[in-house]
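Heads up, the thing below is written out as structure tokens.
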Amino acid sequence: EALNGLGIAYGDAGRYADAIRTFSQILALDSTNGLAHQNLASMALRQALDAKSESDRRAKLQQAEASARKAIEVDPTLGDAFTTLGVVLSTSGRKAEAIDSWKRAVQLDPSQFNALYNLWFELASAGRRDEASAYGRQFADTAPQAFFGPDIARVRAYLSGR
């Protein structure tokens, strides 16, 4: 747990190489550590989103997807892994698969607020208003205002028809 915490701190500081090295160290000790696989997926996704070239972006997205799927394989209860996988799939243009992944994340952990917001957004964008509204209400009613205030306001505006 301490190493996962250290790796997350490195990632939050933008020190992706140190984060990846730390998560890889965990996996050298225990290849079934789903959280370390999930954290590797998150780091690769961050790198993909920061990539300057399309080929680097695609390669990092593939790494992120592989790590997220490995996390789910070794620990199918990791809501964060399904949330991350959903972002990877959505970023890769696979919206339907992303929606399924985020739905699974929310089933496992109703406090997956990023998954709830992403579900609302993608379902609303696809014109699936009833589903979007259900996830939007859940998000607006449960997400912490301090972290998601502007997003909650956006969802509430949608729900009220503004």
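Lettering and numbering for the structure tokens are positional, with chains as A, B, ... in the shown order, residues counted from 1 in each chain, and ligands counted from 1 in the shown order.
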Pick out the residues sitting within 10 Å of Lys60 (chain A), and hand them over as a PyMOL selection string; count only C-alpha atoms, and ignore anything fewer than 6 positions along from it in its own chain.
chain A and resi 41+43-51+54+66+88
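Around Thr77 (chain A), within 12 Å and counting only C-alpha atoms, the residues found are Gly34, Leu35, Gln38, Ala71, Ile72, Phe82, Thr83, Arg104, Ala105, Val106, Gln107, Leu108 and Asp109 of chain A, once anything fewer than 5 positions away on its own chain is removed.
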Which residues come within 10 Å of Glu1 (chain A), counting only C-alpha atoms, excluding same-chain residues fewer than 3 positions away, as a ChimeraX atom specification?
/A:4-7,26,35-36
Store the residues picked out above, limited to N, CA, C and O atoms, as an mmCIF file, in the first residue's frame.
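File written: again15.cif
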data_model
loop_
_atom_site.group_PDB
_atom_site.id
_atom_site.type_symbol
_atom_site.label_atom_id
_atom_site.label_comp_id
_atom_site.auth_asym_id
_atom_site.auth_seq_id
_atom_site.Cartn_x
_atom_site.Cartn_y
_atom_site.Cartn_z
ATOM 1 N N ASN A 4 2.155 1.865 -3.484
ATOM 2 C CA ASN A 4 1.107 2.395 -4.348
ATOM 3 C C ASN A 4 0.881 3.873 -4.043
ATOM 4 O O ASN A 4 0.739 4.688 -4.952
ATOM 5 N N GLY A 5 0.874 4.235 -2.773
ATOM 6 C CA GLY A 5 0.722 5.634 -2.380
ATOM 7 C C GLY A 5 1.854 6.499 -2.908
ATOM 8 O O GLY A 5 1.633 7.617 -3.394
ATOM 9 N N LEU A 6 3.068 5.989 -2.814
ATOM 10 C CA LEU A 6 4.227 6.712 -3.323
ATOM 11 C C LEU A 6 4.118 6.902 -4.837
ATOM 12 O O LEU A 6 4.343 8.001 -5.361
ATOM 13 N N GLY A 7 3.741 5.849 -5.534
ATOM 14 C CA GLY A 7 3.580 5.936 -6.985
ATOM 15 C C GLY A 7 2.516 6.950 -7.375
ATOM 16 O O GLY A 7 2.696 7.724 -8.322
ATOM 17 N N ILE A 26 6.178 -2.913 -7.487
ATOM 18 C CA ILE A 26 5.122 -3.640 -6.777
ATOM 19 C C ILE A 26 4.800 -4.927 -7.515
ATOM 20 O O ILE A 26 4.691 -6.004 -6.908
ATOM 21 N N LEU A 35 -4.357 -3.223 -7.964
ATOM 22 C CA LEU A 35 -4.233 -1.778 -7.795
ATOM 23 C C LEU A 35 -2.997 -1.234 -8.515
ATOM 24 O O LEU A 35 -3.055 -0.167 -9.132
ATOM 25 N N ALA A 36 -1.904 -1.966 -8.481
ATOM 26 C CA ALA A 36 -0.701 -1.526 -9.190
ATOM 27 C C ALA A 36 -0.948 -1.530 -10.705
ATOM 28 O O ALA A 36 -0.536 -0.600 -11.405
#
Option closest in space to Thr91 (chain A), from A:Ala2, A:Leu61, A:Ala143, A:Leu78 [counting only C-alpha atoms]
A:Leu61
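You will find CA of Glu97 (chain A) at 18.3 Å from CA of Arg129 (chain A).
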Extract, using only C-alpha atoms, all DNA, RNA and protein residues at most 12 Å from Leu27 (chain A), discarding same-chain residues fewer than 2 positions from it, and format them as a PDB file with N, CA, C and O atoms, in the first residue's frame.
ATOM      1  N   LEU A   3       3.845   1.638  -1.242  1.00  0.00           N
ATOM      2  CA  LEU A   3       4.424   1.844  -2.570  1.00  0.00           C
ATOM      3  C   LEU A   3       3.382   2.368  -3.555  1.00  0.00           C
ATOM      4  O   LEU A   3       3.691   3.230  -4.379  1.00  0.00           O
ATOM      5  N   ASN A   4       2.155   1.865  -3.484  1.00  0.00           N
ATOM      6  CA  ASN A   4       1.107   2.395  -4.348  1.00  0.00           C
ATOM      7  C   ASN A   4       0.881   3.873  -4.043  1.00  0.00           C
ATOM      8  O   ASN A   4       0.739   4.688  -4.952  1.00  0.00           O
ATOM      9  N   ILE A  20       5.717   5.001 -12.647  1.00  0.00           N
ATOM     10  CA  ILE A  20       5.692   3.722 -13.371  1.00  0.00           C
ATOM     11  C   ILE A  20       6.727   2.762 -12.786  1.00  0.00           C
ATOM     12  O   ILE A  20       6.443   1.580 -12.605  1.00  0.00           O
ATOM     13  N   ARG A  21       7.896   3.271 -12.469  1.00  0.00           N
ATOM     14  CA  ARG A  21       8.932   2.434 -11.858  1.00  0.00           C
ATOM     15  C   ARG A  21       8.446   1.876 -10.513  1.00  0.00           C
ATOM     16  O   ARG A  21       8.636   0.699 -10.210  1.00  0.00           O
ATOM     17  N   THR A  22       7.769   2.691  -9.728  1.00  0.00           N
ATOM     18  CA  THR A  22       7.270   2.256  -8.425  1.00  0.00           C
ATOM     19  C   THR A  22       6.193   1.187  -8.588  1.00  0.00           C
ATOM     20  O   THR A  22       6.220   0.159  -7.902  1.00  0.00           O
ATOM     21  N   PHE A  23       5.236   1.403  -9.505  1.00  0.00           N
ATOM     22  CA  PHE A  23       4.182   0.403  -9.715  1.00  0.00           C
ATOM     23  C   PHE A  23       4.760  -0.888 -10.284  1.00  0.00           C
ATOM     24  O   PHE A  23       4.320  -1.990  -9.919  1.00  0.00           O
ATOM     25  N   SER A  24       5.756  -0.769 -11.135  1.00  0.00           N
ATOM     26  CA  SER A  24       6.418  -1.968 -11.683  1.00  0.00           C
ATOM     27  C   SER A  24       7.146  -2.732 -10.586  1.00  0.00           C
ATOM     28  O   SER A  24       7.185  -3.974 -10.604  1.00  0.00           O
ATOM     29  N   GLN A  25       7.708  -2.009  -9.642  1.00  0.00           N
ATOM     30  CA  GLN A  25       8.376  -2.633  -8.495  1.00  0.00           C
ATOM     31  C   GLN A  25       7.369  -3.456  -7.684  1.00  0.00           C
ATOM     32  O   GLN A  25       7.666  -4.578  -7.265  1.00  0.00           O
ATOM     33  N   LEU A  29       7.078  -7.770  -7.103  1.00  0.00           N
ATOM     34  CA  LEU A  29       6.867  -8.463  -5.832  1.00  0.00           C
ATOM     35  C   LEU A  29       5.584  -9.288  -5.831  1.00  0.00           C
ATOM     36  O   LEU A  29       5.507 -10.338  -5.208  1.00  0.00           O
ATOM     37  N   ASP A  30       4.555  -8.769  -6.522  1.00  0.00           N
ATOM     38  CA  ASP A  30       3.251  -9.433  -6.549  1.00  0.00           C
ATOM     39  C   ASP A  30       2.546  -9.092  -7.855  1.00  0.00           C
ATOM     40  O   ASP A  30       1.922  -8.038  -7.978  1.00  0.00           O
ATOM     41  N   SER A  31       2.637  -9.989  -8.816  1.00  0.00           N
ATOM     42  CA  SER A  31       2.075  -9.736 -10.140  1.00  0.00           C
ATOM     43  C   SER A  31       0.547  -9.719 -10.139  1.00  0.00           C
ATOM     44  O   SER A  31      -0.062  -9.356 -11.139  1.00  0.00           O
ATOM     45  N   THR A  32      -0.073 -10.091  -9.016  1.00  0.00           N
ATOM     46  CA  THR A  32      -1.533 -10.103  -8.928  1.00  0.00           C
ATOM     47  C   THR A  32      -2.072  -8.873  -8.190  1.00  0.00           C
ATOM     48  O   THR A  32      -3.231  -8.862  -7.787  1.00  0.00           O
ATOM     49  N   ASN A  33      -1.262  -7.863  -8.046  1.00  0.00           N
ATOM     50  CA  ASN A  33      -1.704  -6.644  -7.373  1.00  0.00           C
ATOM     51  C   ASN A  33      -2.501  -5.797  -8.366  1.00  0.00           C
ATOM     52  O   ASN A  33      -1.939  -5.053  -9.173  1.00  0.00           O
ATOM     53  N   GLY A  34      -3.810  -5.948  -8.317  1.00  0.00           N
ATOM     54  CA  GLY A  34      -4.677  -5.243  -9.249  1.00  0.00           C
ATOM     55  C   GLY A  34      -4.553  -3.731  -9.168  1.00  0.00           C
ATOM     56  O   GLY A  34      -4.614  -3.043 -10.185  1.00  0.00           O
ATOM     57  N   LEU A  35      -4.357  -3.223  -7.964  1.00  0.00           N
ATOM     58  CA  LEU A  35      -4.233  -1.778  -7.795  1.00  0.00           C
ATOM     59  C   LEU A  35      -2.997  -1.234  -8.515  1.00  0.00           C
ATOM     60  O   LEU A  35      -3.055  -0.167  -9.132  1.00  0.00           O
ATOM     61  N   ALA A  36      -1.904  -1.966  -8.481  1.00  0.00           N
ATOM     62  CA  ALA A  36      -0.701  -1.526  -9.190  1.00  0.00           C
ATOM     63  C   ALA A  36      -0.948  -1.530 -10.705  1.00  0.00           C
ATOM     64  O   ALA A  36      -0.536  -0.600 -11.405  1.00  0.00           O
ATOM     65  N   HIS A  37      -1.640  -2.552 -11.204  1.00  0.00           N
ATOM     66  CA  HIS A  37      -1.986  -2.578 -12.634  1.00  0.00           C
ATOM     67  C   HIS A  37      -2.892  -1.394 -12.974  1.00  0.00           C
ATOM     68  O   HIS A  37      -2.703  -0.733 -14.001  1.00  0.00           O
ATOM     69  N   GLN A  38      -3.875  -1.120 -12.104  1.00  0.00           N
ATOM     70  CA  GLN A  38      -4.775   0.015 -12.317  1.00  0.00           C
ATOM     71  C   GLN A  38      -3.990   1.319 -12.340  1.00  0.00           C
ATOM     72  O   GLN A  38      -4.217   2.174 -13.177  1.00  0.00           O
ATOM     73  N   ASN A  39      -3.062   1.461 -11.416  1.00  0.00           N
ATOM     74  CA  ASN A  39      -2.270   2.691 -11.360  1.00  0.00           C
ATOM     75  C   ASN A  39      -1.364   2.841 -12.579  1.00  0.00           C
ATOM     76  O   ASN A  39      -1.162   3.954 -13.066  1.00  0.00           O
ATOM     77  N   LEU A  40      -0.833   1.733 -13.083  1.00  0.00           N
ATOM     78  CA  LEU A  40      -0.067   1.790 -14.336  1.00  0.00           C
ATOM     79  C   LEU A  40      -0.962   2.249 -15.489  1.00  0.00           C
ATOM     80  O   LEU A  40      -0.540   3.051 -16.331  1.00  0.00           O
ATOM     81  N   SER A  67      -3.118  -2.449 -19.323  1.00  0.00           N
ATOM     82  CA  SER A  67      -2.953  -2.443 -17.865  1.00  0.00           C
ATOM     83  C   SER A  67      -4.303  -2.438 -17.153  1.00  0.00           C
ATOM     84  O   SER A  67      -4.475  -3.121 -16.139  1.00  0.00           O
ATOM     85  N   LYS A  70      -5.705  -5.885 -17.395  1.00  0.00           N
ATOM     86  CA  LYS A  70      -4.985  -6.784 -16.481  1.00  0.00           C
ATOM     87  C   LYS A  70      -5.456  -6.554 -15.042  1.00  0.00           C
ATOM     88  O   LYS A  70      -5.648  -7.511 -14.286  1.00  0.00           O
ATOM     89  N   ALA A  71      -5.662  -5.299 -14.664  1.00  0.00           N
ATOM     90  CA  ALA A  71      -6.163  -4.992 -13.324  1.00  0.00           C
ATOM     91  C   ALA A  71      -7.518  -5.664 -13.098  1.00  0.00           C
ATOM     92  O   ALA A  71      -7.752  -6.273 -12.042  1.00  0.00           O
ATOM     93  N   VAL A  74      -7.138  -9.509 -12.690  1.00  0.00           N
ATOM     94  CA  VAL A  74      -6.649  -9.990 -11.395  1.00  0.00           C
ATOM     95  C   VAL A  74      -7.543  -9.567 -10.236  1.00  0.00           C
ATOM     96  O   VAL A  74      -7.550 -10.219  -9.197  1.00  0.00           O
TER      97      VAL A  74
END
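The space separating CA of Arg137 (chain A) from CA of Ala157 (chain A) comes to 11.0 Å.
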Excluding Asn114 (chain A) and residues on its chain fewer than 2 positions from it, collect all residues at most 9 Å away from it, counting only C-alpha atoms, and give them as an MDAnalysis selection string.
chainID A and resid 83 102 111:112 116:119 139
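Interatomic distance, CA of Ala81 (chain A) to CA of Ser42 (chain A): 8.5 Å.
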Write out as a compact mmCIF listing (two decimals) with N, CA, C and O atoms, in the first residue's frame all residues of region 61-106 of chain A that backbone DSSP assigns to alpha helix (DSSP H).
# COMPACT_ATOMS: atom_id res chain seq x y z
N LEU A 61 -2.23 4.81 -25.15
CA LEU A 61 -3.60 4.33 -24.95
C LEU A 61 -3.65 2.81 -24.95
O LEU A 61 -4.38 2.20 -24.16
N GLN A 62 -2.87 2.19 -25.83
CA GLN A 62 -2.81 0.72 -25.85
C GLN A 62 -2.24 0.18 -24.54
O GLN A 62 -2.74 -0.81 -24.00
N GLN A 63 -1.18 0.84 -24.04
CA GLN A 63 -0.61 0.42 -22.75
C GLN A 63 -1.63 0.59 -21.64
O GLN A 63 -1.77 -0.29 -20.78
N ALA A 64 -2.34 1.71 -21.64
CA ALA A 64 -3.34 1.97 -20.61
C ALA A 64 -4.44 0.91 -20.66
O ALA A 64 -4.85 0.39 -19.62
N GLU A 65 -4.89 0.59 -21.85
CA GLU A 65 -5.95 -0.41 -21.98
C GLU A 65 -5.47 -1.78 -21.49
O GLU A 65 -6.17 -2.46 -20.75
N ALA A 66 -4.26 -2.16 -21.88
CA ALA A 66 -3.73 -3.46 -21.45
C ALA A 66 -3.60 -3.51 -19.93
O ALA A 66 -3.97 -4.52 -19.31
N SER A 67 -3.12 -2.45 -19.32
CA SER A 67 -2.95 -2.44 -17.87
C SER A 67 -4.30 -2.44 -17.15
O SER A 67 -4.47 -3.12 -16.14
N ALA A 68 -5.26 -1.69 -17.68
CA ALA A 68 -6.60 -1.67 -17.06
C ALA A 68 -7.25 -3.05 -17.17
O ALA A 68 -7.85 -3.53 -16.21
N ARG A 69 -7.12 -3.67 -18.32
CA ARG A 69 -7.70 -5.01 -18.49
C ARG A 69 -7.01 -6.04 -17.58
O ARG A 69 -7.65 -6.93 -17.04
N LYS A 70 -5.71 -5.89 -17.40
CA LYS A 70 -4.98 -6.78 -16.48
C LYS A 70 -5.46 -6.55 -15.04
O LYS A 70 -5.65 -7.51 -14.29
N ALA A 71 -5.66 -5.30 -14.66
CA ALA A 71 -6.16 -4.99 -13.32
C ALA A 71 -7.52 -5.66 -13.10
O ALA A 71 -7.75 -6.27 -12.04
N ILE A 72 -8.38 -5.58 -14.09
CA ILE A 72 -9.72 -6.18 -13.99
C ILE A 72 -9.61 -7.70 -13.95
O ILE A 72 -10.33 -8.37 -13.21
N GLU A 73 -8.68 -8.25 -14.71
CA GLU A 73 -8.48 -9.71 -14.72
C GLU A 73 -8.07 -10.21 -13.33
O GLU A 73 -8.60 -11.20 -12.86
N VAL A 74 -7.14 -9.51 -12.69
CA VAL A 74 -6.65 -9.99 -11.40
C VAL A 74 -7.54 -9.57 -10.24
O VAL A 74 -7.55 -10.22 -9.20
N GLY A 79 -13.47 -0.84 -9.18
CA GLY A 79 -14.25 0.15 -9.91
C GLY A 79 -13.38 1.15 -10.64
O GLY A 79 -13.69 1.55 -11.78
N ASP A 80 -12.28 1.56 -10.02
CA ASP A 80 -11.37 2.52 -10.68
C ASP A 80 -10.82 1.98 -11.99
O ASP A 80 -10.63 2.74 -12.94
N ALA A 81 -10.56 0.69 -12.04
CA ALA A 81 -10.03 0.10 -13.27
C ALA A 81 -11.06 0.18 -14.39
O ALA A 81 -10.72 0.48 -15.54
N PHE A 82 -12.33 -0.06 -14.06
CA PHE A 82 -13.38 0.06 -15.06
C PHE A 82 -13.57 1.52 -15.49
O PHE A 82 -13.84 1.79 -16.66
N THR A 83 -13.42 2.45 -14.55
CA THR A 83 -13.52 3.87 -14.90
C THR A 83 -12.40 4.26 -15.85
O THR A 83 -12.63 4.90 -16.88
N THR A 84 -11.17 3.87 -15.51
CA THR A 84 -10.03 4.18 -16.37
C THR A 84 -10.18 3.52 -17.73
O THR A 84 -9.95 4.17 -18.76
N LEU A 85 -10.59 2.27 -17.75
CA LEU A 85 -10.79 1.58 -19.03
C LEU A 85 -11.83 2.32 -19.86
O LEU A 85 -11.65 2.50 -21.07
N GLY A 86 -12.88 2.80 -19.22
CA GLY A 86 -13.90 3.56 -19.95
C GLY A 86 -13.32 4.80 -20.61
O GLY A 86 -13.65 5.12 -21.75
N VAL A 87 -12.46 5.51 -19.90
CA VAL A 87 -11.84 6.71 -20.47
C VAL A 87 -10.96 6.33 -21.66
O VAL A 87 -10.98 7.00 -22.70
N VAL A 88 -10.20 5.26 -21.52
CA VAL A 88 -9.35 4.80 -22.62
C VAL A 88 -10.22 4.45 -23.83
O VAL A 88 -9.92 4.87 -24.96
N LEU A 89 -11.28 3.71 -23.60
CA LEU A 89 -12.15 3.30 -24.70
C LEU A 89 -12.82 4.51 -25.36
O LEU A 89 -12.88 4.60 -26.59
N SER A 90 -13.29 5.43 -24.55
CA SER A 90 -13.92 6.64 -25.09
C SER A 90 -12.92 7.47 -25.90
O SER A 90 -13.23 7.92 -27.01
N THR A 91 -11.73 7.64 -25.36
CA THR A 91 -10.69 8.40 -26.05
C THR A 91 -10.29 7.73 -27.36
O THR A 91 -9.90 8.39 -28.31
N LYS A 95 -17.14 4.44 -27.90
CA LYS A 95 -18.06 5.01 -26.91
C LYS A 95 -18.98 3.95 -26.29
O LYS A 95 -19.20 3.98 -25.08
N ALA A 96 -19.52 3.04 -27.08
CA ALA A 96 -20.44 2.03 -26.54
C ALA A 96 -19.73 1.15 -25.50
O ALA A 96 -20.28 0.86 -24.43
N GLU A 97 -18.50 0.74 -25.81
CA GLU A 97 -17.74 -0.06 -24.85
C GLU A 97 -17.40 0.76 -23.61
O GLU A 97 -17.40 0.24 -22.49
N ALA A 98 -17.11 2.04 -23.80
CA ALA A 98 -16.80 2.93 -22.68
C ALA A 98 -18.00 3.02 -21.75
O ALA A 98 -17.86 2.90 -20.52
N ILE A 99 -19.18 3.20 -22.32
CA ILE A 99 -20.40 3.29 -21.51
C ILE A 99 -20.58 2.02 -20.70
O ILE A 99 -20.89 2.07 -19.50
N ASP A 100 -20.39 0.87 -21.32
CA ASP A 100 -20.51 -0.41 -20.60
C ASP A 100 -19.51 -0.49 -19.45
O ASP A 100 -19.84 -0.95 -18.36
N SER A 101 -18.29 -0.04 -19.69
CA SER A 101 -17.26 -0.08 -18.66
C SER A 101 -17.62 0.84 -17.49
O SER A 101 -17.47 0.48 -16.32
N TRP A 102 -18.09 2.05 -17.80
CA TRP A 102 -18.47 2.98 -16.73
C TRP A 102 -19.68 2.47 -15.96
O TRP A 102 -19.76 2.64 -14.75
N LYS A 103 -20.61 1.82 -16.65
CA LYS A 103 -21.77 1.24 -15.95
C LYS A 103 -21.29 0.19 -14.95
O LYS A 103 -21.78 0.12 -13.81
N ARG A 104 -20.33 -0.61 -15.36
CA ARG A 104 -19.79 -1.64 -14.46
C ARG A 104 -19.09 -0.98 -13.27
O ARG A 104 -19.23 -1.43 -12.13
N ALA A 105 -18.35 0.09 -13.52
CA ALA A 105 -17.67 0.80 -12.43
C ALA A 105 -18.67 1.27 -11.39
O ALA A 105 -18.46 1.11 -10.17
N VAL A 106 -19.77 1.84 -11.85
CA VAL A 106 -20.79 2.38 -10.94
C VAL A 106 -21.52 1.26 -10.22
O VAL A 106 -21.90 1.41 -9.06
